[in-house]
$ cat final13.pdb   # PDB, C-alpha atoms
ATOM      1  CA  MET E   1     -60.432-179.046 -55.256  1.00  0.00           C
ATOM      2  CA  ILE E   2     -58.165-181.922 -54.290  1.00  0.00           C
ATOM      3  CA  ASP E   3     -58.409-183.393 -50.811  1.00  0.00           C
ATOM      4  CA  ASN E   4     -55.184-182.972 -48.789  1.00  0.00           C
ATOM      5  CA  ALA E   5     -55.178-186.712 -48.037  1.00  0.00           C
ATOM      6  CA  ALA E   6     -54.758-187.370 -51.775  1.00  0.00           C
ATOM      7  CA  LEU E   7     -51.528-185.348 -51.640  1.00  0.00           C
ATOM      8  CA  ARG E   8     -50.056-187.119 -48.599  1.00  0.00           C
ATOM      9  CA  VAL E   9     -47.244-189.592 -49.286  1.00  0.00           C
ATOM     10  CA  PRO E  10     -46.230-192.047 -46.523  1.00  0.00           C
ATOM     11  CA  LEU E  11     -42.578-192.135 -45.440  1.00  0.00           C
ATOM     12  CA  ASN E  12     -41.709-194.829 -42.850  1.00  0.00           C
ATOM     13  CA  GLY E  13     -44.192-193.789 -40.167  1.00  0.00           C
ATOM     14  CA  TYR E  14     -44.245-190.154 -41.286  1.00  0.00           C
ATOM     15  CA  ALA E  15     -45.946-188.435 -44.186  1.00  0.00           C
ATOM     16  CA  MET E  16     -44.794-185.954 -46.779  1.00  0.00           C
ATOM     17  CA  GLN E  17     -47.579-183.480 -47.562  1.00  0.00           C
ATOM     18  CA  LEU E  18     -47.190-182.341 -51.155  1.00  0.00           C
ATOM     19  CA  ARG E  19     -48.035-178.711 -51.816  1.00  0.00           C
ATOM     20  CA  PRO E  20     -50.508-178.109 -54.635  1.00  0.00           C
ATOM     21  CA  SER E  21     -48.339-175.252 -55.932  1.00  0.00           C
ATOM     22  CA  GLU E  22     -45.285-177.522 -56.194  1.00  0.00           C
ATOM     23  CA  LEU E  23     -47.349-180.216 -57.889  1.00  0.00           C
ATOM     24  CA  GLU E  24     -48.594-177.634 -60.391  1.00  0.00           C
ATOM     25  CA  PHE E  25     -45.021-176.481 -61.158  1.00  0.00           C
ATOM     26  CA  VAL E  26     -43.830-180.053 -61.675  1.00  0.00           C
ATOM     27  CA  ALA E  27     -46.873-180.902 -63.811  1.00  0.00           C
ATOM     28  CA  ALA E  28     -46.286-177.790 -65.945  1.00  0.00           C
ATOM     29  CA  GLY E  29     -42.648-178.756 -66.434  1.00  0.00           C
ATOM     30  CA  LEU E  30     -43.600-182.267 -67.477  1.00  0.00           C
ATOM     31  CA  GLY E  31     -46.397-181.133 -69.765  1.00  0.00           C
ATOM     32  CA  GLN E  32     -49.994-182.340 -69.703  1.00  0.00           C
ATOM     33  CA  PHE E  33     -50.281-186.100 -69.398  1.00  0.00           C
ATOM     34  CA  ASP E  34     -53.845-186.563 -68.146  1.00  0.00           C
ATOM     35  CA  SER E  35     -57.193-185.248 -69.280  1.00  0.00           C
ATOM     36  CA  SER E  36     -57.434-182.674 -66.488  1.00  0.00           C
ATOM     37  CA  PRO E  37     -55.116-180.475 -64.426  1.00  0.00           C
ATOM     38  CA  GLU E  38     -56.382-182.059 -61.185  1.00  0.00           C
ATOM     39  CA  GLY E  39     -55.794-185.498 -62.640  1.00  0.00           C
ATOM     40  CA  ASP E  40     -52.160-184.587 -63.327  1.00  0.00           C
ATOM     41  CA  LEU E  41     -51.620-183.665 -59.670  1.00  0.00           C
ATOM     42  CA  ILE E  42     -53.254-186.838 -58.391  1.00  0.00           C
ATOM     43  CA  ILE E  43     -51.154-188.974 -60.751  1.00  0.00           C
ATOM     44  CA  LEU E  44     -47.938-187.282 -59.592  1.00  0.00           C
ATOM     45  CA  ALA E  45     -48.794-187.969 -55.938  1.00  0.00           C
ATOM     46  CA  GLU E  46     -49.908-191.549 -56.562  1.00  0.00           C
ATOM     47  CA  ALA E  47     -46.793-192.290 -58.617  1.00  0.00           C
ATOM     48  CA  LEU E  48     -44.627-191.154 -55.684  1.00  0.00           C
ATOM     49  CA  ARG E  49     -46.501-193.597 -53.435  1.00  0.00           C
ATOM     50  CA  GLN E  50     -45.563-196.392 -55.843  1.00  0.00           C
ATOM     51  CA  LEU E  51     -41.828-195.767 -55.458  1.00  0.00           C
ATOM     52  CA  PRO E  52     -39.850-197.527 -52.717  1.00  0.00           C
ATOM     53  CA  VAL E  53     -40.254-195.598 -49.465  1.00  0.00           C
ATOM     54  CA  ASN E  54     -36.626-194.458 -49.353  1.00  0.00           C
ATOM     55  CA  ASP E  55     -36.859-193.023 -52.891  1.00  0.00           C
ATOM     56  CA  ARG E  56     -40.020-190.945 -52.426  1.00  0.00           C
ATOM     57  CA  ALA E  57     -38.628-187.778 -50.826  1.00  0.00           C
ATOM     58  CA  PRO E  58     -35.477-187.607 -52.996  1.00  0.00           C
ATOM     59  CA  ALA E  59     -37.542-188.230 -56.141  1.00  0.00           C
ATOM     60  CA  TRP E  60     -39.883-185.409 -55.205  1.00  0.00           C
ATOM     61  CA  GLU E  61     -37.065-182.957 -54.379  1.00  0.00           C
ATOM     62  CA  LEU E  62     -35.371-183.838 -57.650  1.00  0.00           C
ATOM     63  CA  SER E  63     -38.643-183.431 -59.589  1.00  0.00           C
ATOM     64  CA  ILE E  64     -39.277-179.995 -58.098  1.00  0.00           C
ATOM     65  CA  ARG E  65     -35.845-178.818 -59.167  1.00  0.00           C
ATOM     66  CA  ARG E  66     -35.759-180.578 -62.550  1.00  0.00           C
ATOM     67  CA  PHE E  67     -39.298-179.909 -63.756  1.00  0.00           C
ATOM     68  CA  GLY E  68     -40.726-177.242 -61.461  1.00  0.00           C
ATOM     69  CA  ARG E  69     -37.673-174.990 -61.608  1.00  0.00           C
ATOM     70  CA  ARG E  70     -36.562-176.320 -65.020  1.00  0.00           C
ATOM     71  CA  ARG E  71     -32.981-176.966 -63.979  1.00  0.00           C
ATOM     72  CA  GLU E  72     -30.631-179.178 -65.960  1.00  0.00           C
ATOM     73  CA  LEU E  73     -30.495-182.669 -64.472  1.00  0.00           C
ATOM     74  CA  SER E  74     -26.889-182.321 -63.306  1.00  0.00           C
ATOM     75  CA  ARG E  75     -27.648-179.065 -61.499  1.00  0.00           C
ATOM     76  CA  ALA E  76     -30.902-180.342 -59.993  1.00  0.00           C
ATOM     77  CA  ALA E  77     -29.133-183.449 -58.715  1.00  0.00           C
ATOM     78  CA  GLY E  78     -26.172-181.466 -57.410  1.00  0.00           C
ATOM     79  CA  GLU E  79     -28.448-179.142 -55.437  1.00  0.00           C
ATOM     80  CA  ILE E  80     -29.596-182.096 -53.339  1.00  0.00           C
ATOM     81  CA  GLY E  81     -26.239-183.877 -53.189  1.00  0.00           C
ATOM     82  CA  MET E  82     -27.127-186.624 -55.659  1.00  0.00           C
ATOM     83  CA  ASP E  83     -24.991-187.926 -58.497  1.00  0.00           C
ATOM     84  CA  VAL E  84     -26.387-187.646 -62.017  1.00  0.00           C
ATOM     85  CA  ILE E  85     -26.593-191.384 -62.687  1.00  0.00           C
ATOM     86  CA  HIS E  86     -28.639-191.993 -59.538  1.00  0.00           C
ATOM     87  CA  ALA E  87     -30.814-188.986 -60.384  1.00  0.00           C
ATOM     88  CA  GLN E  88     -31.485-190.302 -63.899  1.00  0.00           C
ATOM     89  CA  ASN E  89     -32.383-193.744 -62.538  1.00  0.00           C
ATOM     90  CA  LEU E  90     -34.676-192.202 -59.931  1.00  0.00           C
ATOM     91  CA  LEU E  91     -36.507-190.086 -62.512  1.00  0.00           C
ATOM     92  CA  GLU E  92     -36.873-193.089 -64.823  1.00  0.00           C
ATOM     93  CA  ALA E  93     -38.450-195.068 -61.973  1.00  0.00           C
ATOM     94  CA  TYR E  94     -40.799-192.140 -61.284  1.00  0.00           C
ATOM     95  CA  TYR E  95     -41.777-191.930 -64.990  1.00  0.00           C
ATOM     96  CA  HIS E  96     -42.504-195.652 -64.969  1.00  0.00           C
ATOM     97  CA  CYS E  97     -44.749-195.237 -61.918  1.00  0.00           C
ATOM     98  CA  MET E  98     -46.553-192.276 -63.528  1.00  0.00           C
ATOM     99  CA  ALA E  99     -47.286-194.340 -66.613  1.00  0.00           C
ATOM    100  CA  ALA E 100     -48.689-197.153 -64.459  1.00  0.00           C
ATOM    101  CA  VAL E 101     -51.160-194.952 -62.553  1.00  0.00           C
ATOM    102  CA  PRO E 102     -54.608-195.026 -64.149  1.00  0.00           C
ATOM    103  CA  SER E 103     -56.208-191.703 -64.948  1.00  0.00           C
ATOM    104  CA  PRO E 104     -58.444-190.630 -62.032  1.00  0.00           C
ATOM    105  CA  GLU E 105     -61.196-189.829 -64.505  1.00  0.00           C
ATOM    106  CA  HIS E 106     -61.173-193.456 -65.706  1.00  0.00           C
ATOM    107  CA  ALA E 107     -60.669-195.184 -62.362  1.00  0.00           C
ATOM    108  CA  PRO E 108     -63.633-197.206 -61.086  1.00  0.00           C
ATOM    109  CA  ALA E 109     -65.737-195.466 -58.480  1.00  0.00           C
ATOM    110  CA  GLN E 110     -65.151-196.686 -54.952  1.00  0.00           C
ATOM    111  CA  THR E 111     -68.114-197.801 -52.929  1.00  0.00           C
ATOM    112  CA  LEU E 112     -68.368-197.774 -49.162  1.00  0.00           C
TER     113      LEU E 112
END
$ encode --input "final13.pdb" --output "structure tokens"
Amino acid sequence: MIDNAALRVPLNGYAMQLRPSELEFVAAGLGQFDSSPEGDLIILAEALRQLPVNDRAPAWELSIRRFGRRRELSRAAGEIGMDVIHAQNLLEAYYHCMAAVPSPEHAPAQTL
């Protein structure tokens, strides 16, 4: 089970709490990219944290629609009032962040 704190993404003094069910839908739409289902969810959340603060919520809303609900990019972007070019750039930045996050299974153990 994933700790809720691992699914919290800071937003300028606030936090966006990602729902495990939404993370699972997005992960399923993207396909497996880690060695475990829990690892996929943690990578998705950590990658959002790596984006600029103002891009985090729109990137997540776009990802839910594009991958979770499997909408075409133009429709997913239109549903949140975003143009397709900006949406494509936002998803590319998110992909880049996902690729940069180390697999949780291979991350060094933290000591207190």
$ resolve_selection --input "final13.pdb" --expression "the PyMOL selection byres ((chain E and resi 93-107) around 12)" --output "JSON, numbers by chain"
{"E": [2, 6, 27, 30, 33, 34, 35, 36, 37, 38, 39, 40, 41, 42, 43, 44, 45, 46, 47, 48, 49, 50, 51, 52, 55, 56, 57, 58, 59, 60, 62, 63, 86, 87, 88, 89, 90, 91, 92, 108, 109, 110]}
$ write_last_selection --input "final13.pdb" --atoms "C-alpha atoms" --output "PDB file, keeping the file's coordinate frame"
ATOM      1  CA  ILE E   2     -58.165-181.922 -54.290  1.00  0.00           C
ATOM      2  CA  ALA E   6     -54.758-187.370 -51.775  1.00  0.00           C
ATOM      3  CA  ALA E  27     -46.873-180.902 -63.811  1.00  0.00           C
ATOM      4  CA  LEU E  30     -43.600-182.267 -67.477  1.00  0.00           C
ATOM      5  CA  PHE E  33     -50.281-186.100 -69.398  1.00  0.00           C
ATOM      6  CA  ASP E  34     -53.845-186.563 -68.146  1.00  0.00           C
ATOM      7  CA  SER E  35     -57.193-185.248 -69.280  1.00  0.00           C
ATOM      8  CA  SER E  36     -57.434-182.674 -66.488  1.00  0.00           C
ATOM      9  CA  PRO E  37     -55.116-180.475 -64.426  1.00  0.00           C
ATOM     10  CA  GLU E  38     -56.382-182.059 -61.185  1.00  0.00           C
ATOM     11  CA  GLY E  39     -55.794-185.498 -62.640  1.00  0.00           C
ATOM     12  CA  ASP E  40     -52.160-184.587 -63.327  1.00  0.00           C
ATOM     13  CA  LEU E  41     -51.620-183.665 -59.670  1.00  0.00           C
ATOM     14  CA  ILE E  42     -53.254-186.838 -58.391  1.00  0.00           C
ATOM     15  CA  ILE E  43     -51.154-188.974 -60.751  1.00  0.00           C
ATOM     16  CA  LEU E  44     -47.938-187.282 -59.592  1.00  0.00           C
ATOM     17  CA  ALA E  45     -48.794-187.969 -55.938  1.00  0.00           C
ATOM     18  CA  GLU E  46     -49.908-191.549 -56.562  1.00  0.00           C
ATOM     19  CA  ALA E  47     -46.793-192.290 -58.617  1.00  0.00           C
ATOM     20  CA  LEU E  48     -44.627-191.154 -55.684  1.00  0.00           C
ATOM     21  CA  ARG E  49     -46.501-193.597 -53.435  1.00  0.00           C
ATOM     22  CA  GLN E  50     -45.563-196.392 -55.843  1.00  0.00           C
ATOM     23  CA  LEU E  51     -41.828-195.767 -55.458  1.00  0.00           C
ATOM     24  CA  PRO E  52     -39.850-197.527 -52.717  1.00  0.00           C
ATOM     25  CA  ASP E  55     -36.859-193.023 -52.891  1.00  0.00           C
ATOM     26  CA  ARG E  56     -40.020-190.945 -52.426  1.00  0.00           C
ATOM     27  CA  ALA E  57     -38.628-187.778 -50.826  1.00  0.00           C
ATOM     28  CA  PRO E  58     -35.477-187.607 -52.996  1.00  0.00           C
ATOM     29  CA  ALA E  59     -37.542-188.230 -56.141  1.00  0.00           C
ATOM     30  CA  TRP E  60     -39.883-185.409 -55.205  1.00  0.00           C
ATOM     31  CA  LEU E  62     -35.371-183.838 -57.650  1.00  0.00           C
ATOM     32  CA  SER E  63     -38.643-183.431 -59.589  1.00  0.00           C
ATOM     33  CA  HIS E  86     -28.639-191.993 -59.538  1.00  0.00           C
ATOM     34  CA  ALA E  87     -30.814-188.986 -60.384  1.00  0.00           C
ATOM     35  CA  GLN E  88     -31.485-190.302 -63.899  1.00  0.00           C
ATOM     36  CA  ASN E  89     -32.383-193.744 -62.538  1.00  0.00           C
ATOM     37  CA  LEU E  90     -34.676-192.202 -59.931  1.00  0.00           C
ATOM     38  CA  LEU E  91     -36.507-190.086 -62.512  1.00  0.00           C
ATOM     39  CA  GLU E  92     -36.873-193.089 -64.823  1.00  0.00           C
ATOM     40  CA  PRO E 108     -63.633-197.206 -61.086  1.00  0.00           C
ATOM     41  CA  ALA E 109     -65.737-195.466 -58.480  1.00  0.00           C
ATOM     42  CA  GLN E 110     -65.151-196.686 -54.952  1.00  0.00           C
TER      43      GLN E 110
END
$ atom_distance --input "final13.pdb" --atom1 "CA of Val53 in chain E" --atom2 "CA of Asn12 in chain E"
6.8 Å
$ axis_aligned_box --input "final13.pdb" --around "range 9-22 of chain E" --padding-each-side "3 Å" --output "lines of an AutoDock Vina configuration file"
center_x = -46.1
center_y = -185.0
center_z = -48.2
size_x = 14.8
size_y = 25.6
size_z = 22.0
$ resolve_selection --input "final13.pdb" --expression "the PyMOL selection byres ((chain E and resi 67-70) around 10)" --output "ChimeraX atom specification"
/E:21-31,61-66,71-73,75-76
$ resolve_selection --input "final13.pdb" --expression "the PyMOL selection byres ((chain E and resi 17) around 10)" --output "MDAnalysis selection string"
chainID E and resid 4:10 14:16 18:20 45
$ build_atoms --input "final13.pdb" --residues "range 29-54 of chain E" --atoms "N, CA, C and O atoms" --output "mmCIF file, in the coordinates of the input"
data_model
loop_
_atom_site.group_PDB
_atom_site.id
_atom_site.type_symbol
_atom_site.label_atom_id
_atom_site.label_comp_id
_atom_site.auth_asym_id
_atom_site.auth_seq_id
_atom_site.Cartn_x
_atom_site.Cartn_y
_atom_site.Cartn_z
ATOM 1 N N GLY E 29 -43.945 -178.426 -65.860
ATOM 2 C CA GLY E 29 -42.648 -178.756 -66.434
ATOM 3 C C GLY E 29 -42.655 -180.052 -67.218
ATOM 4 O O GLY E 29 -41.930 -180.206 -68.196
ATOM 5 N N LEU E 30 -43.487 -180.989 -66.773
ATOM 6 C CA LEU E 30 -43.600 -182.267 -67.477
ATOM 7 C C LEU E 30 -44.491 -182.165 -68.711
ATOM 8 O O LEU E 30 -44.372 -182.952 -69.634
ATOM 9 N N GLY E 31 -45.415 -181.236 -68.695
ATOM 10 C CA GLY E 31 -46.397 -181.133 -69.765
ATOM 11 C C GLY E 31 -47.634 -181.942 -69.396
ATOM 12 O O GLY E 31 -47.587 -182.809 -68.532
ATOM 13 N N GLN E 32 -48.748 -181.658 -70.037
ATOM 14 C CA GLN E 32 -49.994 -182.340 -69.703
ATOM 15 C C GLN E 32 -49.909 -183.813 -70.066
ATOM 16 O O GLN E 32 -49.493 -184.174 -71.157
ATOM 17 N N PHE E 33 -50.307 -184.664 -69.139
ATOM 18 C CA PHE E 33 -50.281 -186.100 -69.398
ATOM 19 C C PHE E 33 -51.573 -186.779 -68.974
ATOM 20 O O PHE E 33 -51.702 -187.978 -69.066
ATOM 21 N N ASP E 34 -52.545 -186.024 -68.503
ATOM 22 C CA ASP E 34 -53.845 -186.563 -68.146
ATOM 23 C C ASP E 34 -54.890 -185.670 -68.800
ATOM 24 O O ASP E 34 -54.572 -184.664 -69.414
ATOM 25 N N SER E 35 -56.133 -186.026 -68.629
ATOM 26 C CA SER E 35 -57.193 -185.248 -69.280
ATOM 27 C C SER E 35 -57.619 -184.028 -68.475
ATOM 28 O O SER E 35 -58.419 -183.241 -68.942
ATOM 29 N N SER E 36 -57.070 -183.840 -67.281
ATOM 30 C CA SER E 36 -57.434 -182.674 -66.488
ATOM 31 C C SER E 36 -56.250 -182.233 -65.635
ATOM 32 O O SER E 36 -55.414 -183.048 -65.252
ATOM 33 N N PRO E 37 -56.196 -180.946 -65.299
ATOM 34 C CA PRO E 37 -55.116 -180.475 -64.426
ATOM 35 C C PRO E 37 -55.128 -181.156 -63.046
ATOM 36 O O PRO E 37 -54.069 -181.507 -62.532
ATOM 37 N N GLU E 38 -56.304 -181.367 -62.475
ATOM 38 C CA GLU E 38 -56.382 -182.059 -61.185
ATOM 39 C C GLU E 38 -55.906 -183.496 -61.308
ATOM 40 O O GLU E 38 -55.246 -184.014 -60.421
ATOM 41 N N GLY E 39 -56.235 -184.125 -62.407
ATOM 42 C CA GLY E 39 -55.794 -185.498 -62.640
ATOM 43 C C GLY E 39 -54.282 -185.601 -62.683
ATOM 44 O O GLY E 39 -53.697 -186.549 -62.156
ATOM 45 N N ASP E 40 -53.622 -184.602 -63.289
ATOM 46 C CA ASP E 40 -52.160 -184.587 -63.327
ATOM 47 C C ASP E 40 -51.581 -184.601 -61.912
ATOM 48 O O ASP E 40 -50.650 -185.339 -61.615
ATOM 49 N N LEU E 41 -52.136 -183.776 -61.035
ATOM 50 C CA LEU E 41 -51.620 -183.665 -59.670
ATOM 51 C C LEU E 41 -51.816 -184.957 -58.897
ATOM 52 O O LEU E 41 -50.921 -185.408 -58.168
ATOM 53 N N ILE E 42 -52.965 -185.570 -59.073
ATOM 54 C CA ILE E 42 -53.254 -186.838 -58.391
ATOM 55 C C ILE E 42 -52.321 -187.939 -58.889
ATOM 56 O O ILE E 42 -51.817 -188.741 -58.110
ATOM 57 N N ILE E 43 -52.065 -187.967 -60.184
ATOM 58 C CA ILE E 43 -51.154 -188.974 -60.751
ATOM 59 C C ILE E 43 -49.739 -188.779 -60.216
ATOM 60 O O ILE E 43 -49.075 -189.751 -59.855
ATOM 61 N N LEU E 44 -49.273 -187.535 -60.128
ATOM 62 C CA LEU E 44 -47.938 -187.282 -59.592
ATOM 63 C C LEU E 44 -47.815 -187.798 -58.155
ATOM 64 O O LEU E 44 -46.826 -188.434 -57.797
ATOM 65 N N ALA E 45 -48.820 -187.526 -57.337
ATOM 66 C CA ALA E 45 -48.794 -187.969 -55.938
ATOM 67 C C ALA E 45 -48.873 -189.489 -55.850
ATOM 68 O O ALA E 45 -48.119 -190.118 -55.099
ATOM 69 N N GLU E 46 -49.760 -190.092 -56.612
ATOM 70 C CA GLU E 46 -49.908 -191.549 -56.562
ATOM 71 C C GLU E 46 -48.657 -192.247 -57.075
ATOM 72 O O GLU E 46 -48.242 -193.272 -56.534
ATOM 73 N N ALA E 47 -48.035 -191.695 -58.097
ATOM 74 C CA ALA E 47 -46.793 -192.290 -58.617
ATOM 75 C C ALA E 47 -45.693 -192.263 -57.557
ATOM 76 O O ALA E 47 -44.927 -193.218 -57.433
ATOM 77 N N LEU E 48 -45.617 -191.198 -56.776
ATOM 78 C CA LEU E 48 -44.627 -191.154 -55.684
ATOM 79 C C LEU E 48 -44.884 -192.265 -54.679
ATOM 80 O O LEU E 48 -43.954 -192.883 -54.183
ATOM 81 N N ARG E 49 -46.148 -192.524 -54.376
ATOM 82 C CA ARG E 49 -46.501 -193.597 -53.435
ATOM 83 C C ARG E 49 -46.067 -194.971 -53.949
ATOM 84 O O ARG E 49 -45.870 -195.882 -53.159
ATOM 85 N N GLN E 50 -45.936 -195.111 -55.258
ATOM 86 C CA GLN E 50 -45.563 -196.392 -55.843
ATOM 87 C C GLN E 50 -44.057 -196.654 -55.776
ATOM 88 O O GLN E 50 -43.617 -197.788 -55.919
ATOM 89 N N LEU E 51 -43.277 -195.607 -55.574
ATOM 90 C CA LEU E 51 -41.828 -195.767 -55.458
ATOM 91 C C LEU E 51 -41.475 -196.413 -54.124
ATOM 92 O O LEU E 51 -42.243 -196.311 -53.160
ATOM 93 N N PRO E 52 -40.303 -197.040 -54.025
ATOM 94 C CA PRO E 52 -39.850 -197.527 -52.717
ATOM 95 C C PRO E 52 -39.813 -196.361 -51.720
ATOM 96 O O PRO E 52 -39.491 -195.225 -52.096
ATOM 97 N N VAL E 53 -40.123 -196.641 -50.487
ATOM 98 C CA VAL E 53 -40.254 -195.598 -49.465
ATOM 99 C C VAL E 53 -39.021 -194.690 -49.411
ATOM 100 O O VAL E 53 -39.154 -193.472 -49.336
ATOM 101 N N ASN E 54 -37.843 -195.267 -49.473
ATOM 102 C CA ASN E 54 -36.626 -194.458 -49.353
ATOM 103 C C ASN E 54 -36.347 -193.593 -50.585
ATOM 104 O O ASN E 54 -35.488 -192.717 -50.525
#
